[in-house]
Every structure is written in C-alpha cells, then in structure tokens.
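Pasted below: run17.cif, mmCIF, N, CA and C atoms.
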```cif
data_start
loop_
_atom_site.label_atom_id
_atom_site.label_comp_id
_atom_site.auth_asym_id
_atom_site.auth_seq_id
_atom_site.Cartn_x
_atom_site.Cartn_y
_atom_site.Cartn_z
N MET A 1 -24.43 132.42 -5.68
CA MET A 1 -23.54 131.39 -5.20
C MET A 1 -22.47 132.02 -4.31
N LEU A 2 -22.21 131.37 -3.21
CA LEU A 2 -21.23 131.89 -2.28
C LEU A 2 -19.83 131.36 -2.55
N GLY A 3 -19.69 130.32 -3.31
CA GLY A 3 -18.38 129.76 -3.60
C GLY A 3 -17.95 128.78 -2.53
N ALA A 4 -16.76 128.25 -2.69
CA ALA A 4 -16.27 127.20 -1.79
C ALA A 4 -16.01 127.72 -0.39
N GLY A 5 -15.68 129.01 -0.28
CA GLY A 5 -15.36 129.57 1.05
C GLY A 5 -16.56 130.04 1.82
N GLY A 6 -17.75 129.91 1.26
CA GLY A 6 -18.95 130.39 1.95
C GLY A 6 -19.00 131.90 1.96
N CYS A 7 -19.64 132.47 2.93
CA CYS A 7 -19.78 133.94 2.97
C CYS A 7 -18.73 134.58 3.85
N GLY A 8 -17.92 133.79 4.53
CA GLY A 8 -16.87 134.35 5.36
C GLY A 8 -17.36 134.82 6.72
N ALA A 9 -18.60 134.57 7.05
CA ALA A 9 -19.15 135.01 8.33
C ALA A 9 -18.71 134.05 9.44
N SER A 10 -18.57 134.60 10.61
CA SER A 10 -18.25 133.77 11.77
C SER A 10 -19.09 134.24 12.95
N ALA A 11 -19.29 133.34 13.88
CA ALA A 11 -20.11 133.67 15.05
C ALA A 11 -19.38 134.70 15.91
N VAL A 12 -20.15 135.58 16.53
CA VAL A 12 -19.60 136.61 17.41
C VAL A 12 -20.17 136.38 18.80
N HIS A 13 -19.30 136.30 19.81
CA HIS A 13 -19.75 136.11 21.18
C HIS A 13 -19.69 137.45 21.91
N VAL A 14 -20.76 137.78 22.59
CA VAL A 14 -20.82 139.01 23.37
C VAL A 14 -21.24 138.65 24.78
N ASP A 15 -20.51 139.13 25.78
CA ASP A 15 -20.91 138.91 27.17
C ASP A 15 -22.13 139.77 27.46
N ALA A 16 -23.22 139.14 27.83
CA ALA A 16 -24.46 139.87 28.09
C ALA A 16 -25.31 139.06 29.06
N THR A 17 -26.36 139.69 29.54
CA THR A 17 -27.31 139.00 30.40
C THR A 17 -28.06 137.97 29.56
N PRO A 18 -28.10 136.72 30.01
CA PRO A 18 -28.82 135.72 29.22
C PRO A 18 -30.32 136.01 29.18
N VAL A 19 -30.94 135.60 28.10
CA VAL A 19 -32.38 135.77 27.95
C VAL A 19 -33.07 134.78 28.88
N GLY A 20 -34.02 135.27 29.64
CA GLY A 20 -34.78 134.41 30.54
C GLY A 20 -36.25 134.80 30.48
N PHE A 21 -37.09 133.84 30.67
CA PHE A 21 -38.52 134.10 30.61
C PHE A 21 -39.18 133.84 31.96
N ASP A 22 -38.37 133.81 33.00
CA ASP A 22 -38.90 133.50 34.32
C ASP A 22 -38.93 134.70 35.26
N THR A 23 -38.62 135.90 34.76
CA THR A 23 -38.65 137.11 35.58
C THR A 23 -39.91 137.90 35.27
N PRO A 24 -40.83 137.98 36.22
CA PRO A 24 -42.05 138.77 35.95
C PRO A 24 -41.74 140.27 35.93
N ILE A 25 -42.37 140.98 35.03
CA ILE A 25 -42.24 142.42 34.93
C ILE A 25 -43.45 143.04 35.65
N PRO A 26 -43.23 143.93 36.60
CA PRO A 26 -44.36 144.54 37.30
C PRO A 26 -45.31 145.24 36.32
N GLY A 27 -46.59 145.10 36.56
CA GLY A 27 -47.60 145.67 35.67
C GLY A 27 -47.51 147.17 35.53
N ASP A 28 -47.05 147.87 36.57
CA ASP A 28 -46.95 149.32 36.48
C ASP A 28 -45.75 149.76 35.63
N LEU A 29 -44.81 148.85 35.37
CA LEU A 29 -43.66 149.19 34.53
C LEU A 29 -43.97 149.03 33.04
N LEU A 30 -44.88 148.14 32.70
CA LEU A 30 -45.18 147.86 31.28
C LEU A 30 -45.55 149.12 30.48
N PRO A 31 -46.47 149.96 30.95
CA PRO A 31 -46.82 151.14 30.14
C PRO A 31 -45.68 152.16 30.02
N ALA A 32 -44.69 152.07 30.90
CA ALA A 32 -43.58 153.03 30.88
C ALA A 32 -42.46 152.62 29.94
N LEU A 33 -42.48 151.39 29.42
CA LEU A 33 -41.42 150.93 28.53
C LEU A 33 -41.59 151.53 27.14
N ASN A 34 -40.48 152.03 26.58
CA ASN A 34 -40.50 152.64 25.25
C ASN A 34 -39.38 152.07 24.40
N TRP A 35 -39.66 151.97 23.10
CA TRP A 35 -38.69 151.50 22.12
C TRP A 35 -38.48 152.56 21.06
N ARG A 36 -37.31 152.53 20.40
CA ARG A 36 -36.98 153.48 19.34
C ARG A 36 -36.56 152.70 18.10
N ASN A 37 -37.07 153.13 16.93
CA ASN A 37 -36.67 152.47 15.69
C ASN A 37 -35.44 153.18 15.11
N ALA A 38 -34.99 152.74 13.95
CA ALA A 38 -33.78 153.29 13.33
C ALA A 38 -33.93 154.76 12.96
N ARG A 39 -35.15 155.20 12.72
CA ARG A 39 -35.39 156.60 12.35
C ARG A 39 -35.58 157.50 13.57
N GLY A 40 -35.53 156.92 14.77
CA GLY A 40 -35.65 157.72 15.98
C GLY A 40 -37.06 157.85 16.51
N LYS A 41 -38.02 157.22 15.87
CA LYS A 41 -39.40 157.28 16.33
C LYS A 41 -39.58 156.33 17.51
N THR A 42 -40.21 156.81 18.58
CA THR A 42 -40.41 155.96 19.74
C THR A 42 -41.85 155.45 19.79
N ARG A 43 -42.01 154.32 20.46
CA ARG A 43 -43.35 153.77 20.67
C ARG A 43 -43.35 153.00 21.98
N ASN A 44 -44.54 152.79 22.51
CA ASN A 44 -44.67 152.03 23.75
C ASN A 44 -45.49 150.78 23.48
N LEU A 45 -45.68 149.98 24.51
CA LEU A 45 -46.46 148.75 24.36
C LEU A 45 -47.94 149.07 24.20
N LYS A 46 -48.57 148.35 23.30
CA LYS A 46 -50.02 148.44 23.16
C LYS A 46 -50.62 147.22 23.85
N TYR A 47 -51.89 147.26 24.08
CA TYR A 47 -52.63 146.14 24.66
C TYR A 47 -52.22 145.81 26.09
N VAL A 48 -51.85 146.83 26.87
CA VAL A 48 -51.61 146.63 28.30
C VAL A 48 -52.92 146.97 29.01
N VAL A 49 -53.50 145.96 29.65
CA VAL A 49 -54.79 146.12 30.33
C VAL A 49 -54.63 145.66 31.77
N ASP A 50 -54.90 146.55 32.70
CA ASP A 50 -54.81 146.25 34.13
C ASP A 50 -53.46 145.63 34.51
N GLY A 51 -52.37 146.18 33.96
CA GLY A 51 -51.03 145.71 34.30
C GLY A 51 -50.63 144.40 33.64
N ARG A 52 -51.40 143.96 32.66
CA ARG A 52 -51.09 142.72 31.95
C ARG A 52 -50.98 142.99 30.46
N LEU A 53 -50.02 142.35 29.82
CA LEU A 53 -49.86 142.45 28.37
C LEU A 53 -50.78 141.43 27.74
N GLU A 54 -51.84 141.92 27.09
CA GLU A 54 -52.86 141.04 26.52
C GLU A 54 -52.44 140.43 25.18
N ARG A 55 -51.64 141.17 24.40
CA ARG A 55 -51.17 140.69 23.09
C ARG A 55 -49.70 141.06 22.94
N SER A 56 -48.95 140.20 22.31
CA SER A 56 -47.51 140.43 22.16
C SER A 56 -47.14 141.09 20.84
N VAL A 57 -48.12 141.45 20.03
CA VAL A 57 -47.84 141.98 18.70
C VAL A 57 -47.00 143.26 18.75
N SER A 58 -47.12 144.06 19.79
CA SER A 58 -46.34 145.30 19.84
C SER A 58 -44.88 145.06 20.22
N LEU A 59 -44.51 143.81 20.50
CA LEU A 59 -43.11 143.46 20.75
C LEU A 59 -42.40 143.04 19.47
N GLN A 60 -43.14 142.92 18.38
CA GLN A 60 -42.56 142.47 17.12
C GLN A 60 -41.96 143.64 16.36
N GLY A 61 -40.86 143.39 15.68
CA GLY A 61 -40.23 144.42 14.87
C GLY A 61 -38.79 144.64 15.29
N PHE A 62 -38.15 145.58 14.65
CA PHE A 62 -36.75 145.90 14.93
C PHE A 62 -36.70 147.23 15.68
N TYR A 63 -36.76 147.15 16.97
CA TYR A 63 -36.75 148.32 17.84
C TYR A 63 -35.75 148.09 18.96
N LEU A 64 -35.17 149.17 19.45
CA LEU A 64 -34.26 149.13 20.59
C LEU A 64 -34.93 149.80 21.77
N LEU A 65 -34.69 149.29 22.96
CA LEU A 65 -35.21 149.95 24.15
C LEU A 65 -34.57 151.33 24.27
N THR A 66 -35.33 152.31 24.72
CA THR A 66 -34.73 153.60 25.02
C THR A 66 -33.84 153.42 26.25
N SER A 67 -32.93 154.34 26.46
CA SER A 67 -32.00 154.21 27.58
C SER A 67 -32.73 154.20 28.92
N GLU A 68 -33.81 154.97 29.03
CA GLU A 68 -34.57 155.00 30.26
C GLU A 68 -35.23 153.64 30.54
N SER A 69 -35.80 153.04 29.51
CA SER A 69 -36.44 151.73 29.66
C SER A 69 -35.41 150.65 29.94
N ALA A 70 -34.28 150.72 29.28
CA ALA A 70 -33.21 149.75 29.53
C ALA A 70 -32.71 149.84 30.97
N THR A 71 -32.59 151.04 31.49
CA THR A 71 -32.17 151.24 32.87
C THR A 71 -33.18 150.64 33.84
N ALA A 72 -34.48 150.87 33.55
CA ALA A 72 -35.52 150.33 34.42
C ALA A 72 -35.50 148.80 34.43
N LEU A 73 -35.35 148.19 33.25
CA LEU A 73 -35.29 146.74 33.19
C LEU A 73 -34.00 146.20 33.77
N SER A 74 -32.91 146.91 33.60
CA SER A 74 -31.64 146.49 34.16
C SER A 74 -31.71 146.44 35.68
N GLY A 75 -32.35 147.43 36.27
CA GLY A 75 -32.52 147.42 37.72
C GLY A 75 -33.36 146.25 38.18
N LEU A 76 -34.35 145.90 37.41
CA LEU A 76 -35.22 144.77 37.74
C LEU A 76 -34.47 143.45 37.63
N VAL A 77 -33.75 143.26 36.55
CA VAL A 77 -33.00 142.02 36.34
C VAL A 77 -31.87 141.92 37.35
N GLY A 78 -31.21 143.03 37.64
CA GLY A 78 -30.11 143.02 38.61
C GLY A 78 -30.56 142.67 40.01
N SER A 79 -31.80 143.06 40.37
CA SER A 79 -32.29 142.77 41.71
C SER A 79 -32.71 141.31 41.85
N VAL A 80 -32.98 140.63 40.73
CA VAL A 80 -33.42 139.23 40.78
C VAL A 80 -32.22 138.31 40.90
N GLN A 81 -31.09 138.66 40.26
CA GLN A 81 -29.92 137.77 40.23
C GLN A 81 -29.26 137.67 41.56
#
```
Reformat the file's structure so that it appears as structure tokens.
Amino acid sequence: MLGAGGCGASAVHVDATPVGFDTPIPGDLLPALNWRNARGKTRNLKYVVDGRLERSVSLQGFYLLTSESATALSGLVGSVQ
C-alpha cells in the first residue's frame, strides 16, 4: 500500500529530440549501430539483410547507444531538421 500520499513520484521533463518514425536510416548505417548494456557488453543489430532490418527483436531490451552510434544518428537527425 502506498498510503494517501501515493509514491511521491512526479513527472520529469527533459528537453530532447522528439521521437519520430518518419526518418529513414540508411541501410549502410544499420550494421554499424552498437548498443551497450549496464554491464558494458556491446551488441549490434541482428537480422540486417541487404540494408534492411528484417526483424525488430534485436531492438528490445535495456540498452544504450554507444557514443559513436549516437553521434552517427545525431548527425542524421540534425541534417533532416
């Protein structure tokens, strides 16, 4: 039970690039994207065939983009805006 005051959580606003699904990612960039988990292990996208992501299962989980991948995507998003 949380009690009458609830859990005390409040929403946090962070200025960031909004999520959009209308920016295509070049097929040659997909295999170069890497993510890192909390233990520092990195992984890349699986199921990239001929520059297309065939399955989205490798995007699931709690991973952060590596700084190199974030920079590459940042350049892509910045050039579209």
*Could you please give me, as a VMD selection string, the residues of protein, DNA or RNA lying at most 8 Å from (-49.8, 148.9, 39.7) in the coordinate frame of the file, considering all atoms listed in the file?*
chain A and resid 26 to 29 50 to 51
*Could you tell me how far atom N of Val49 (chain A) lies from CA of Leu33 (chain A), in Å and to one decimal?*
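Atom N of Val49 (chain A) sits 13.1 Å away from CA of Leu33 (chain A).
The spacing separating CA of Ala70 (chain A) from atom N of Ser10 (chain A) amounts to 28.3 Å.
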*Please, what distance in Å, to one decimal, runs between CA of His13 (chain A) and CA of Ser58 (chain A)?*
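If I compute the distance from CA of His13 (chain A) to CA of Ser58 (chain A), I get 28.2 Å.
Of the listed residues (A:Leu65, A:Ala38, A:Leu30, A:Leu73), A:Leu30 comes nearest to Leu53 (chain A); the distances count all atoms listed in the file.
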*Could you name the residues that touch Gln60 (chain A) at 12 Å or less, counting only C-alpha atoms, but leaving out those on the same chain fewer than 6 positions away, as a PyMOL selection string?*
chain A and resi 35+37+43-46
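Residue neighbourhood of Val77 (chain A), excluding near-sequence residues (fewer than 5 positions): Thr17, Gly20, Thr23, Pro24, Ile25, Thr71 and Ala72 of chain A, at 10 Å, using only C-alpha atoms.
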*Can you list every residue in region 2-81 of chain A that DSSP puts in helix (DSSP H, G or I), as number ranges by chain?*
A: 30-32, 57-59, 67-80
*Would you give me, as a PyMOL selection string, the residues in region 3-81 of chain A that DSSP reads as strand (DSSP E or B)?*
chain A and resi 34-36+42-44+48-49+52-53+64-65
*From the list A:Tyr47, A:Ser74, A:Val12, A:Tyr63, which residue is nearest Pro31 (chain A) when using only C-alpha atoms?*
A:Tyr47
Starting from the incomplete input, reconstruct N, CA, C and O atoms of region 39-55 of chain A and report them as a tab-separated table (two decimals), in the frame of the given file.
```
chain	number	residue	atom	x	y	z
A	39	ARG	N	-35.15	155.20	12.72
A	39	ARG	CA	-35.39	156.60	12.35
A	39	ARG	C	-35.58	157.50	13.57
A	39	ARG	O	-35.81	158.69	13.43
A	40	GLY	N	-35.53	156.92	14.77
A	40	GLY	CA	-35.65	157.72	15.98
A	40	GLY	C	-37.06	157.85	16.51
A	40	GLY	O	-37.28	158.52	17.52
A	41	LYS	N	-38.02	157.22	15.87
A	41	LYS	CA	-39.40	157.28	16.33
A	41	LYS	C	-39.58	156.33	17.51
A	41	LYS	O	-39.14	155.19	17.46
A	42	THR	N	-40.21	156.81	18.58
A	42	THR	CA	-40.41	155.96	19.74
A	42	THR	C	-41.85	155.45	19.79
A	42	THR	O	-42.76	156.07	19.23
A	43	ARG	N	-42.01	154.32	20.46
A	43	ARG	CA	-43.35	153.77	20.67
A	43	ARG	C	-43.35	153.00	21.98
A	43	ARG	O	-42.30	152.60	22.49
A	44	ASN	N	-44.54	152.79	22.51
A	44	ASN	CA	-44.67	152.03	23.75
A	44	ASN	C	-45.49	150.78	23.48
A	44	ASN	O	-45.92	150.54	22.36
A	45	LEU	N	-45.68	149.98	24.51
A	45	LEU	CA	-46.46	148.75	24.36
A	45	LEU	C	-47.94	149.07	24.20
A	45	LEU	O	-48.47	149.93	24.89
A	46	LYS	N	-48.57	148.35	23.30
A	46	LYS	CA	-50.02	148.44	23.16
A	46	LYS	C	-50.62	147.22	23.85
A	46	LYS	O	-49.92	146.24	24.13
A	47	TYR	N	-51.89	147.26	24.08
A	47	TYR	CA	-52.63	146.14	24.66
A	47	TYR	C	-52.22	145.81	26.09
A	47	TYR	O	-52.19	144.65	26.48
A	48	VAL	N	-51.85	146.83	26.87
A	48	VAL	CA	-51.61	146.63	28.30
A	48	VAL	C	-52.92	146.97	29.01
A	48	VAL	O	-53.40	148.10	28.95
A	49	VAL	N	-53.50	145.96	29.65
A	49	VAL	CA	-54.79	146.12	30.33
A	49	VAL	C	-54.63	145.66	31.77
A	49	VAL	O	-54.24	144.52	32.03
A	50	ASP	N	-54.90	146.55	32.70
A	50	ASP	CA	-54.81	146.25	34.13
A	50	ASP	C	-53.46	145.63	34.51
A	50	ASP	O	-53.37	144.66	35.26
A	51	GLY	N	-52.37	146.18	33.96
A	51	GLY	CA	-51.03	145.71	34.30
A	51	GLY	C	-50.63	144.40	33.64
A	51	GLY	O	-49.63	143.80	34.02
A	52	ARG	N	-51.40	143.96	32.66
A	52	ARG	CA	-51.09	142.72	31.95
A	52	ARG	C	-50.98	142.99	30.46
A	52	ARG	O	-51.77	143.73	29.90
A	53	LEU	N	-50.02	142.35	29.82
A	53	LEU	CA	-49.86	142.45	28.37
A	53	LEU	C	-50.78	141.43	27.74
A	53	LEU	O	-50.59	140.23	27.87
A	54	GLU	N	-51.84	141.92	27.09
A	54	GLU	CA	-52.86	141.04	26.52
A	54	GLU	C	-52.44	140.43	25.18
A	54	GLU	O	-52.83	139.32	24.85
A	55	ARG	N	-51.64	141.17	24.40
A	55	ARG	CA	-51.17	140.69	23.09
A	55	ARG	C	-49.70	141.06	22.94
A	55	ARG	O	-49.28	142.13	23.34
```
